[in-house]
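A.B. asks: Below is a structure I'd like to ask you about.
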Amino acid sequence: MFSYKERSTILNTLNHYTFDVLVIGGGITGAGIALDAASRGLSVALVDMQDFAAGTSSRSTKLIHGGLRYLKQFELGLVAEVGREREIVYENAVHVTKPEWMLLPLYKEGTLGKFTTRAALTLYDRLARVRPEERRKMLNKKQTLQKVPILKEDGLIGAGYYVEYKTDDARLTMEVIKKAIEFKAVCINYARVTSFEYKKKKVVAANVRDEISGIHITIHAHQIVNATGPWVDDVRKMDQVHNNKQVRHTKGIHLVFDQSKLPLEQAIYFDTEDGRMVFAIPRDGKTYVGTTDTFYDDDPIQPVASEEDVAYLLNAIRFIFPKLSITENDIESSWAGIRPLIFEKGKNPSEISRKDEIWSSPSGLLTIAGGKLTGYRQMAETIVDVIIKKHKFKHAQKSNTKFLPLSGAKGLNSVNFHDYVANKAKEGEQLGITYQEAKQLVEKYGTNVVDVFHFIRNGNESNLPKPLYAELLYSIYYEMAMTPCDFFIRRTGYLYFDMELVQNYKEAVIEVMSTIIGYSESEKIFYQMQLEQFIDDATR
């Protein structure tokens, strides 16, 4: 039950049933909680005031990384935890996560020397239990320049070489939510919590407005969880803020370049002139660079890259790649994300811990804040353990998400995935699309590509290319995409990584969505304007 067609049924179910757990927030944290709870046999509801993953969970660096940076802050426990978790995420979602060798160039004037880097990466391998074939290597200057010829040569002494995991953060969130739905979780986007209801001073329900239809419902639950990321304090204010804890927002931006402008085949993680660390990562014919780390006090609903943010990253690029003449005109798109970190007095944005914390208010509302994309599964297991103990749910089982393939990954693993992709791509070729187009669909949707191929097989009633048309219909009927922004940003990422495609087909996509979903004329105009605003934010 995850199609636009089921919205009224879902709203009716939410309004007439008392759930064990109601999760507010459809980012990766809320999605993880919904999956852990539902897979243990609890009845679960999940709502988000925007689209799923519309906040931080579609605006990250798109890495499931092992926390190497935390070694510099001596957070060894965090390194060990996220290192192990990234392996679990990879094995349970091989179609949206893949190993990426990362080059860490070392310079005479840099913050890391060869000895300290070798020691740090060795400790990292042990703490994170890195598999043997992915353990660190040390490269000399010549080997480093063979990997990345455009690197700054002056002062270069070599590089560390280690593995991170690249992902599509929004698609990972979608696959977690769809898996939760397989376990009967009831999930809906564009459903805003407006207030809480109480019984004997304990929170027992949330009043919710459907932002699509305007319908108001009330969702009753034994436990309500606030997992709204940058909005956790807003939700707490609807209840009661009982402790000094508060979330401090920091902003990170990323810039996207065509590889003809920034020709990078090898991902790197490099020191900036002011001692920060920045990633430059190749993806689908593009290279994206980020991130910044600055305090952010404005509305987190639609953050954008400022001139200062862009200038900072451009200077970092020119510093590490002096052979290139990169300018602002070479930027194809950008995105900005807000990190909800737990405030620590006196610390700058880069120093604030990424640890997660759980707070319980006197009313019983549970709030989870902080944390990382990589650690979403462990965070979920921890808070559901708290819920089960608190409510003594006799029907609850132990968490099994360590070994639970996400939607699209059933039967797949790191060993057989490439063969699966090759075989399915040949099937796709027989439907009249190219092998490369089919391969990209299989790599994105995993075993769910069967449903995507179904829409290709059934014919195309639009001017869209076959693969794009199939993706659009799949997102509407299987992933509750309600708007063109849902499709171009969260379901596919095209607005960030293929702006030309978005510009070429935005009108046709809006027409298809309007015909299927049934937009009113005013809704159609609104969604057109909304998409144009996001395009402008990404390109200006």
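Simple scheme: letters A, B, ... for chains in structure tokens order, numbers from 1 for residues in each chain, numbers from 1 for ligands in the order shown.
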Give the alpha helix (DSSP H) residues of range 308-430 of chain A, as DSSP finds them on the backbone, and put them as an MDAnalysis selection string.
C.D. replies: chainID A and resid 308:320 376:391 417:429
A.B. asks: Put those residues in a file: C-alpha atoms, as a PDB file, in the first residue's frame.
C.D. replies:
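Okay, this is what ended up in again26.pdb:
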ATOM      1  CA  GLU A 308      30.158  32.536   0.427  1.00  0.00           C
ATOM      2  CA  ASP A 309      29.583  28.763   0.445  1.00  0.00           C
ATOM      3  CA  VAL A 310      30.259  28.526  -3.287  1.00  0.00           C
ATOM      4  CA  ALA A 311      33.365  30.717  -3.094  1.00  0.00           C
ATOM      5  CA  TYR A 312      34.760  28.559  -0.287  1.00  0.00           C
ATOM      6  CA  LEU A 313      34.416  25.316  -2.258  1.00  0.00           C
ATOM      7  CA  LEU A 314      35.697  26.862  -5.485  1.00  0.00           C
ATOM      8  CA  ASN A 315      38.803  28.044  -3.608  1.00  0.00           C
ATOM      9  CA  ALA A 316      39.225  24.534  -2.174  1.00  0.00           C
ATOM     10  CA  ILE A 317      38.981  23.047  -5.682  1.00  0.00           C
ATOM     11  CA  ARG A 318      41.519  25.511  -7.102  1.00  0.00           C
ATOM     12  CA  PHE A 319      43.843  24.773  -4.179  1.00  0.00           C
ATOM     13  CA  ILE A 320      43.883  20.996  -4.672  1.00  0.00           C
ATOM     14  CA  TYR A 376      20.512   4.791  11.092  1.00  0.00           C
ATOM     15  CA  ARG A 377      19.906   1.052  11.647  1.00  0.00           C
ATOM     16  CA  GLN A 378      21.630   0.943  15.042  1.00  0.00           C
ATOM     17  CA  MET A 379      19.858   4.112  16.160  1.00  0.00           C
ATOM     18  CA  ALA A 380      16.532   2.524  15.237  1.00  0.00           C
ATOM     19  CA  GLU A 381      17.288  -0.695  17.085  1.00  0.00           C
ATOM     20  CA  THR A 382      18.280   1.266  20.198  1.00  0.00           C
ATOM     21  CA  ILE A 383      15.130   3.400  20.374  1.00  0.00           C
ATOM     22  CA  VAL A 384      12.793   0.482  19.627  1.00  0.00           C
ATOM     23  CA  ASP A 385      14.457  -1.445  22.471  1.00  0.00           C
ATOM     24  CA  VAL A 386      13.595   1.513  24.724  1.00  0.00           C
ATOM     25  CA  ILE A 387       9.989   1.527  23.480  1.00  0.00           C
ATOM     26  CA  ILE A 388       9.494  -2.216  23.989  1.00  0.00           C
ATOM     27  CA  LYS A 389      10.934  -2.099  27.507  1.00  0.00           C
ATOM     28  CA  LYS A 390       8.864   0.947  28.421  1.00  0.00           C
ATOM     29  CA  HIS A 391       5.526  -0.457  27.206  1.00  0.00           C
ATOM     30  CA  PHE A 417      24.948  -8.528  -7.626  1.00  0.00           C
ATOM     31  CA  HIS A 418      27.071  -7.922 -10.736  1.00  0.00           C
ATOM     32  CA  ASP A 419      25.816 -11.135 -12.382  1.00  0.00           C
ATOM     33  CA  TYR A 420      22.234 -10.170 -11.551  1.00  0.00           C
ATOM     34  CA  VAL A 421      22.734  -6.748 -13.123  1.00  0.00           C
ATOM     35  CA  ALA A 422      24.227  -8.226 -16.312  1.00  0.00           C
ATOM     36  CA  ASN A 423      21.427 -10.805 -16.722  1.00  0.00           C
ATOM     37  CA  LYS A 424      18.607  -8.359 -16.026  1.00  0.00           C
ATOM     38  CA  ALA A 425      20.131  -5.739 -18.315  1.00  0.00           C
ATOM     39  CA  LYS A 426      19.956  -8.247 -21.172  1.00  0.00           C
ATOM     40  CA  GLU A 427      16.250  -8.721 -20.376  1.00  0.00           C
ATOM     41  CA  GLY A 428      15.763  -4.969 -20.494  1.00  0.00           C
ATOM     42  CA  GLU A 429      17.476  -4.810 -23.880  1.00  0.00           C
TER      43      GLU A 429
END
A.B. asks: Using CA of Phe52 in chain A and CA of Ser306 in chain A as the two end points, give the distance in Å to one decimal.
C.D. replies: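 Value for the CA of Phe52 in chain A-CA of Ser306 in chain A distance: 25.1 Å.
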A.B. asks: Would you list the contacts of Gly83 in chain A as a list in words, taking every protein, DNA or RNA residue within 10 Å and counting only C-alpha atoms, but skipping same-chain residues closer than 6 positions in sequence?
C.D. replies: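 Result of the neighbour search: Ile64, His65, Gly66, Gly67, Leu68, Gly77, Tyr124, Asp125, Arg126, Leu127, Ala128, Arg129, Val130, Glu164, Thr374 and Gly375 of chain A.
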A.B. asks: Can you pull out the residues contacting range 182-199 of chain A? Cut-off 8 Å, using only C-alpha atoms, and skip same-chain residues under 5 positions away; I want them as a tab-separated table (two decimals) with all heavy atoms, in the first residue's frame.
C.D. replies:
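Resulting contents of around-v4.tsv:
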chain	number	residue	atom	x	y	z
A	1	MET	N	0.85	-1.18	0.00
A	1	MET	CA	0.00	0.00	0.00
A	1	MET	C	0.89	1.24	0.00
A	1	MET	O	1.20	1.81	1.04
A	1	MET	CB	-0.91	0.00	1.23
A	1	MET	CG	-2.12	0.90	1.08
A	1	MET	SD	-3.47	0.51	2.22
A	1	MET	CE	-2.74	0.92	3.80
A	2	PHE	N	1.37	1.63	-1.19
A	2	PHE	CA	2.31	2.74	-1.25
A	2	PHE	C	2.20	3.47	-2.58
A	2	PHE	O	3.18	3.84	-3.20
A	2	PHE	CB	3.73	2.22	-1.03
A	2	PHE	CG	4.69	3.28	-0.54
A	2	PHE	CD1	4.32	4.16	0.46
A	2	PHE	CD2	5.95	3.38	-1.08
A	2	PHE	CE1	5.21	5.13	0.92
A	2	PHE	CE2	6.85	4.34	-0.62
A	2	PHE	CZ	6.47	5.21	0.38
A	7	ARG	N	-3.91	6.90	-1.01
A	7	ARG	CA	-3.82	7.94	0.03
A	7	ARG	C	-5.07	7.99	0.91
A	7	ARG	O	-4.97	8.05	2.14
A	7	ARG	CB	-3.60	9.32	-0.60
A	7	ARG	CG	-2.17	9.60	-0.98
A	7	ARG	CD	-1.97	11.08	-1.28
A	7	ARG	NE	-1.88	11.87	-0.08
A	7	ARG	CZ	-0.78	12.07	0.63
A	7	ARG	NH1	0.36	11.52	0.23
A	7	ARG	NH2	-0.79	12.81	1.71
A	10	ILE	N	-5.14	4.99	3.20
A	10	ILE	CA	-4.12	5.11	4.24
A	10	ILE	C	-4.57	6.10	5.31
A	10	ILE	O	-4.46	5.82	6.51
A	10	ILE	CB	-2.77	5.56	3.61
A	10	ILE	CG1	-2.18	4.44	2.76
A	10	ILE	CG2	-1.77	5.96	4.69
A	10	ILE	CD1	-1.00	4.85	1.91
A	14	LEU	N	-5.13	5.31	9.26
A	14	LEU	CA	-4.43	6.05	10.31
A	14	LEU	C	-5.42	6.67	11.30
A	14	LEU	O	-5.15	6.77	12.50
A	14	LEU	CB	-3.58	7.16	9.68
A	14	LEU	CG	-2.35	6.70	8.87
A	14	LEU	CD1	-1.74	7.88	8.12
A	14	LEU	CD2	-1.32	6.04	9.76
A	24	ILE	N	7.05	10.31	13.74
A	24	ILE	CA	6.94	11.58	13.03
A	24	ILE	C	8.29	11.85	12.38
A	24	ILE	O	9.30	12.00	13.06
A	24	ILE	CB	6.57	12.73	14.00
A	24	ILE	CG1	5.35	12.37	14.84
A	24	ILE	CG2	6.32	14.02	13.21
A	24	ILE	CD1	5.07	13.37	15.95
A	26	GLY	N	9.94	11.28	8.09
A	26	GLY	CA	10.19	10.24	7.08
A	26	GLY	C	11.55	10.34	6.44
A	26	GLY	O	11.72	9.99	5.28
A	34	ALA	N	10.74	2.90	11.81
A	34	ALA	CA	9.53	2.23	11.32
A	34	ALA	C	9.85	0.79	10.91
A	34	ALA	O	9.09	-0.14	11.22
A	34	ALA	CB	8.95	3.00	10.14
A	35	LEU	N	10.97	0.59	10.22
A	35	LEU	CA	11.32	-0.76	9.79
A	35	LEU	C	11.67	-1.65	10.97
A	35	LEU	O	11.18	-2.79	11.05
A	35	LEU	CB	12.51	-0.71	8.81
A	35	LEU	CG	13.08	-2.08	8.39
A	35	LEU	CD1	12.00	-2.97	7.80
A	35	LEU	CD2	14.23	-1.90	7.42
A	38	ALA	N	8.35	-2.38	12.91
A	38	ALA	CA	7.40	-3.21	12.16
A	38	ALA	C	7.92	-4.63	11.97
A	38	ALA	O	7.16	-5.60	12.06
A	38	ALA	CB	7.11	-2.57	10.80
A	39	SER	N	9.23	-4.77	11.73
A	39	SER	CA	9.80	-6.11	11.53
A	39	SER	C	9.84	-6.91	12.82
A	39	SER	O	10.01	-8.13	12.79
A	39	SER	CB	11.21	-5.99	10.93
A	39	SER	OG	12.10	-5.34	11.83
A	41	GLY	N	7.19	-6.95	14.76
A	41	GLY	CA	5.80	-7.30	15.01
A	41	GLY	C	4.98	-6.20	15.64
A	41	GLY	O	3.81	-6.42	15.99
A	43	SER	N	2.80	-2.66	15.54
A	43	SER	CA	2.02	-1.91	14.55
A	43	SER	C	2.58	-0.50	14.49
A	43	SER	O	2.79	0.15	15.51
A	43	SER	CB	0.54	-1.90	14.93
A	43	SER	OG	0.35	-1.35	16.21
A	44	VAL	N	2.82	-0.03	13.27
A	44	VAL	CA	3.59	1.21	13.09
A	44	VAL	C	2.90	2.14	12.09
A	44	VAL	O	2.43	1.70	11.04
A	44	VAL	CB	5.01	0.90	12.58
A	44	VAL	CG1	5.79	2.19	12.32
A	44	VAL	CG2	5.77	0.02	13.57
A	45	ALA	N	2.88	3.42	12.44
A	45	ALA	CA	2.47	4.48	11.51
A	45	ALA	C	3.64	5.45	11.36
A	45	ALA	O	4.39	5.68	12.31
A	45	ALA	CB	1.24	5.21	12.03
A	46	LEU	N	3.78	6.02	10.17
A	46	LEU	CA	4.82	7.03	9.93
A	46	LEU	C	4.24	8.14	9.09
A	46	LEU	O	3.58	7.89	8.07
A	46	LEU	CB	6.04	6.42	9.23
A	46	LEU	CG	7.20	7.37	8.92
A	46	LEU	CD1	8.54	6.65	9.03
A	46	LEU	CD2	7.07	8.00	7.53
A	47	VAL	N	4.48	9.40	9.50
A	47	VAL	CA	4.02	10.56	8.74
A	47	VAL	C	5.18	11.54	8.56
A	47	VAL	O	6.08	11.61	9.39
A	47	VAL	CB	2.84	11.28	9.44
A	47	VAL	CG1	1.63	10.37	9.53
A	47	VAL	CG2	3.25	11.79	10.83
A	48	ASP	N	5.12	12.29	7.47
A	48	ASP	CA	6.09	13.36	7.26
A	48	ASP	C	5.37	14.55	6.66
A	48	ASP	O	4.52	14.39	5.78
A	48	ASP	CB	7.21	12.90	6.31
A	48	ASP	CG	8.40	13.85	6.34
A	48	ASP	OD1	8.25	15.01	5.89
A	48	ASP	OD2	9.48	13.46	6.80
A	49	MET	N	5.71	15.75	7.12
A	49	MET	CA	5.01	16.94	6.63
A	49	MET	C	5.39	17.28	5.19
A	49	MET	O	4.67	18.00	4.49
A	49	MET	CB	5.31	18.13	7.53
A	49	MET	CG	6.74	18.61	7.50
A	49	MET	SD	6.95	20.08	8.54
A	49	MET	CE	8.69	20.46	8.22
A	50	GLN	N	6.56	16.78	4.74
A	50	GLN	CA	6.99	16.96	3.36
A	50	GLN	C	6.99	15.58	2.68
A	50	GLN	O	6.33	14.67	3.12
A	50	GLN	CB	8.39	17.56	3.31
A	50	GLN	CG	8.56	18.89	4.02
A	50	GLN	CD	9.97	19.40	3.89
A	50	GLN	OE1	10.31	20.08	2.92
A	50	GLN	NE2	10.82	19.07	4.84
A	51	ASP	N	7.79	15.48	1.63
A	51	ASP	CA	8.01	14.17	1.02
A	51	ASP	C	9.01	13.40	1.87
A	51	ASP	O	9.76	13.98	2.66
A	51	ASP	CB	8.55	14.36	-0.40
A	51	ASP	CG	8.68	13.05	-1.15
A	51	ASP	OD1	7.90	12.11	-0.86
A	51	ASP	OD2	9.55	12.95	-2.03
A	52	PHE	N	9.03	12.09	1.70
A	52	PHE	CA	10.03	11.27	2.37
A	52	PHE	C	11.42	11.74	1.95
A	52	PHE	O	11.67	12.04	0.78
A	52	PHE	CB	9.85	9.79	1.99
A	52	PHE	CG	8.47	9.27	2.25
A	52	PHE	CD1	7.61	8.99	1.19
A	52	PHE	CD2	8.01	9.07	3.53
A	52	PHE	CE1	6.32	8.53	1.41
A	52	PHE	CE2	6.72	8.61	3.78
A	52	PHE	CZ	5.87	8.33	2.71
A	177	ILE	N	11.79	2.50	3.82
A	177	ILE	CA	10.35	2.70	4.04
A	177	ILE	C	9.54	1.59	3.35
A	177	ILE	O	8.59	1.05	3.93
A	177	ILE	CB	9.92	4.09	3.52
A	177	ILE	CG1	10.46	5.18	4.46
A	177	ILE	CG2	8.40	4.20	3.43
A	177	ILE	CD1	10.21	6.59	3.99
A	204	VAL	N	-1.13	10.83	23.79
A	204	VAL	CA	-1.76	9.60	23.30
A	204	VAL	C	-2.11	9.65	21.81
A	204	VAL	O	-2.45	8.63	21.22
A	204	VAL	CB	-3.04	9.27	24.10
A	204	VAL	CG1	-2.70	8.97	25.56
A	204	VAL	CG2	-4.06	10.41	23.99
A	205	ALA	N	-2.02	10.85	21.22
A	205	ALA	CA	-2.42	10.95	19.81
A	205	ALA	C	-1.82	12.21	19.20
A	205	ALA	O	-1.43	13.15	19.90
A	205	ALA	CB	-3.94	10.98	19.67
A	206	ALA	N	-1.76	12.20	17.88
A	206	ALA	CA	-1.30	13.38	17.13
A	206	ALA	C	-2.39	13.78	16.14
A	206	ALA	O	-2.94	12.93	15.44
A	206	ALA	CB	0.00	13.06	16.39
A	207	ASN	N	-2.70	15.05	16.11
A	207	ASN	CA	-3.61	15.58	15.10
A	207	ASN	C	-2.80	15.92	13.85
A	207	ASN	O	-1.75	16.56	13.94
A	207	ASN	CB	-4.33	16.82	15.63
A	207	ASN	CG	-5.24	16.48	16.79
A	207	ASN	OD1	-6.04	15.54	16.71
A	207	ASN	ND2	-5.14	17.23	17.89
A	208	VAL	N	-3.30	15.48	12.70
A	208	VAL	CA	-2.51	15.54	11.47
A	208	VAL	C	-3.36	16.13	10.34
A	208	VAL	O	-4.55	15.79	10.20
A	208	VAL	CB	-2.03	14.13	11.06
A	208	VAL	CG1	-1.33	14.15	9.72
A	208	VAL	CG2	-1.10	13.55	12.14
A	209	ARG	N	-2.76	17.03	9.56
A	209	ARG	CA	-3.43	17.58	8.39
A	209	ARG	C	-2.76	17.03	7.13
A	209	ARG	O	-1.55	17.14	6.95
A	209	ARG	CB	-3.33	19.10	8.38
A	209	ARG	CG	-4.03	19.75	7.16
A	209	ARG	CD	-3.98	21.26	7.19
A	209	ARG	NE	-2.64	21.79	6.98
A	209	ARG	CZ	-1.95	22.49	7.88
A	209	ARG	NH1	-2.48	22.73	9.07
A	209	ARG	NH2	-0.75	22.94	7.60
A	210	ASP	N	-3.58	16.43	6.26
A	210	ASP	CA	-3.07	15.97	4.96
A	210	ASP	C	-2.88	17.20	4.08
A	210	ASP	O	-3.84	17.90	3.74
A	210	ASP	CB	-4.07	15.00	4.32
A	210	ASP	CG	-3.64	14.58	2.92
A	210	ASP	OD1	-2.42	14.53	2.67
A	210	ASP	OD2	-4.52	14.32	2.07
A	211	GLU	N	-1.63	17.47	3.70
A	211	GLU	CA	-1.31	18.68	2.94
A	211	GLU	C	-1.79	18.60	1.50
A	211	GLU	O	-1.84	19.62	0.81
A	211	GLU	CB	0.20	18.93	2.96
A	211	GLU	CG	0.79	19.08	4.34
A	211	GLU	CD	0.47	20.42	5.00
A	211	GLU	OE1	-0.73	20.70	5.26
A	211	GLU	OE2	1.40	21.18	5.26
A	212	ILE	N	-2.16	17.41	1.03
A	212	ILE	CA	-2.65	17.26	-0.34
A	212	ILE	C	-4.15	17.56	-0.42
A	212	ILE	O	-4.61	18.34	-1.25
A	212	ILE	CB	-2.38	15.83	-0.87
A	212	ILE	CG1	-0.88	15.51	-0.83
A	212	ILE	CG2	-2.94	15.66	-2.28
A	212	ILE	CD1	-0.02	16.33	-1.76
A	238	MET	N	5.56	21.76	20.52
A	238	MET	CA	4.14	21.43	20.52
A	238	MET	C	3.78	20.60	21.76
A	238	MET	O	2.63	20.55	22.17
A	238	MET	CB	3.77	20.64	19.26
A	238	MET	CG	3.64	21.48	18.02
A	238	MET	SD	2.84	20.59	16.67
A	238	MET	CE	4.19	19.63	16.03
A	239	ASP	N	4.79	19.93	22.30
A	239	ASP	CA	4.59	19.12	23.51
A	239	ASP	C	5.08	19.95	24.71
A	239	ASP	O	4.38	20.77	25.23
A	239	ASP	CB	5.36	17.80	23.37
A	239	ASP	CG	5.29	16.92	24.59
A	239	ASP	OD1	4.16	16.64	25.04
A	239	ASP	OD2	6.36	16.52	25.10
A	480	MET	N	4.81	6.41	-4.00
A	480	MET	CA	3.99	7.54	-3.57
A	480	MET	C	4.57	8.91	-3.94
A	480	MET	O	4.48	9.86	-3.17
A	480	MET	CB	3.72	7.49	-2.07
A	480	MET	CG	2.46	8.25	-1.67
A	480	MET	SD	2.07	8.13	0.06
A	480	MET	CE	1.17	6.60	0.11
A.B. asks: Running DSSP on the backbone, which parts of range 239-481 of chain A land in strand (DSSP E), as number ranges by chain?
C.D. replies: A: 247-258, 267-271, 277-283, 286-290, 294-295, 331-342, 356-360, 366-370
A.B. asks: Write out as number ranges by chain the residues lying within 8 Å of Val442 in chain A, counting only C-alpha atoms and excluding same-chain residues fewer than 2 positions away.
C.D. replies: A: 95, 421, 424-425, 438-440, 444-447, 449
A.B. asks: Write out, as a PDB file, in the first residue's frame, the residues just selected, with C-alpha atoms.
C.D. replies:
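This went into result11.pdb:
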ATOM      1  CA  HIS A  95      21.791  -1.884  -5.267  1.00  0.00           C
ATOM      2  CA  VAL A 421      22.734  -6.748 -13.123  1.00  0.00           C
ATOM      3  CA  LYS A 424      18.607  -8.359 -16.026  1.00  0.00           C
ATOM      4  CA  ALA A 425      20.131  -5.739 -18.315  1.00  0.00           C
ATOM      5  CA  ALA A 438      18.693  -1.235 -18.698  1.00  0.00           C
ATOM      6  CA  LYS A 439      21.851  -1.672 -16.619  1.00  0.00           C
ATOM      7  CA  GLN A 440      21.375   1.709 -14.974  1.00  0.00           C
ATOM      8  CA  LYS A 444      19.180   1.701  -9.200  1.00  0.00           C
ATOM      9  CA  TYR A 445      16.152  -0.479  -8.426  1.00  0.00           C
ATOM     10  CA  GLY A 446      17.644  -3.916  -7.774  1.00  0.00           C
ATOM     11  CA  THR A 447      15.023  -6.677  -7.869  1.00  0.00           C
ATOM     12  CA  VAL A 449      13.411  -3.460 -11.664  1.00  0.00           C
TER      13      VAL A 449
END
A.B. asks: Skip Leu324 in chain A itself and residues of its chain fewer than 2 positions away, then list as an MDAnalysis selection string all residues within 9 Å of it, counting only C-alpha atoms.
C.D. replies: chainID A and resid 150 261:262 317:318 321:322 326
A.B. asks: Just want the 6 Å neighbourhood of Gly252 in chain A, counted on only C-alpha atoms, with same-chain residues fewer than 3 positions away dropped. Output as number ranges by chain.
C.D. replies: A: 291-293, 336-337
A.B. asks: Okay, now the selection with C-alpha atoms, as a PDB file, in the first residue's frame?
C.D. replies:
ATOM      1  CA  THR A 291      30.933  19.786   2.060  1.00  0.00           C
ATOM      2  CA  THR A 292      31.029  23.049   4.001  1.00  0.00           C
ATOM      3  CA  ASP A 293      30.217  23.185   7.714  1.00  0.00           C
ATOM      4  CA  ALA A 336      22.478  22.375   0.564  1.00  0.00           C
ATOM      5  CA  GLY A 337      21.619  20.222   3.562  1.00  0.00           C
TER       6      GLY A 337
END
A.B. asks: Go through A:Lys245, A:Lys108, A:Arg236, A:Lys286 and flag the residue nearest Asp258 in chain A, using only C-alpha atoms for the distances.
C.D. replies: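 So, comparing all the options, the nearest one is A:Lys286.
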A.B. asks: Please determine, counting only C-alpha atoms, which residue among A:Phe497, A:Ser361, A:Glu332, A:His249 has the shortest atom-to-atom distance to Lys237 in chain A.
C.D. replies: A:Ser361
A.B. asks: For CA of Lys152 in chain A and CA of Thr294 in chain A, determine how far apart the two atoms are, in Å to one decimal place.
C.D. replies: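 CA of Thr294 in chain A lies at a distance of 26.2 Å from CA of Lys152 in chain A.
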A.B. asks: Which of these, A:His216, A:Arg136, A:Val203, A:Gly27, has the shortest distance to Ser8 in chain A once you count only C-alpha atoms?
C.D. replies: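 Closest candidate: A:His216.
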A.B. asks: How far is it from CA of Glu6 in chain A to CA of Lys178 in chain A, in Å with one decimal?
C.D. replies: 14.3 Å
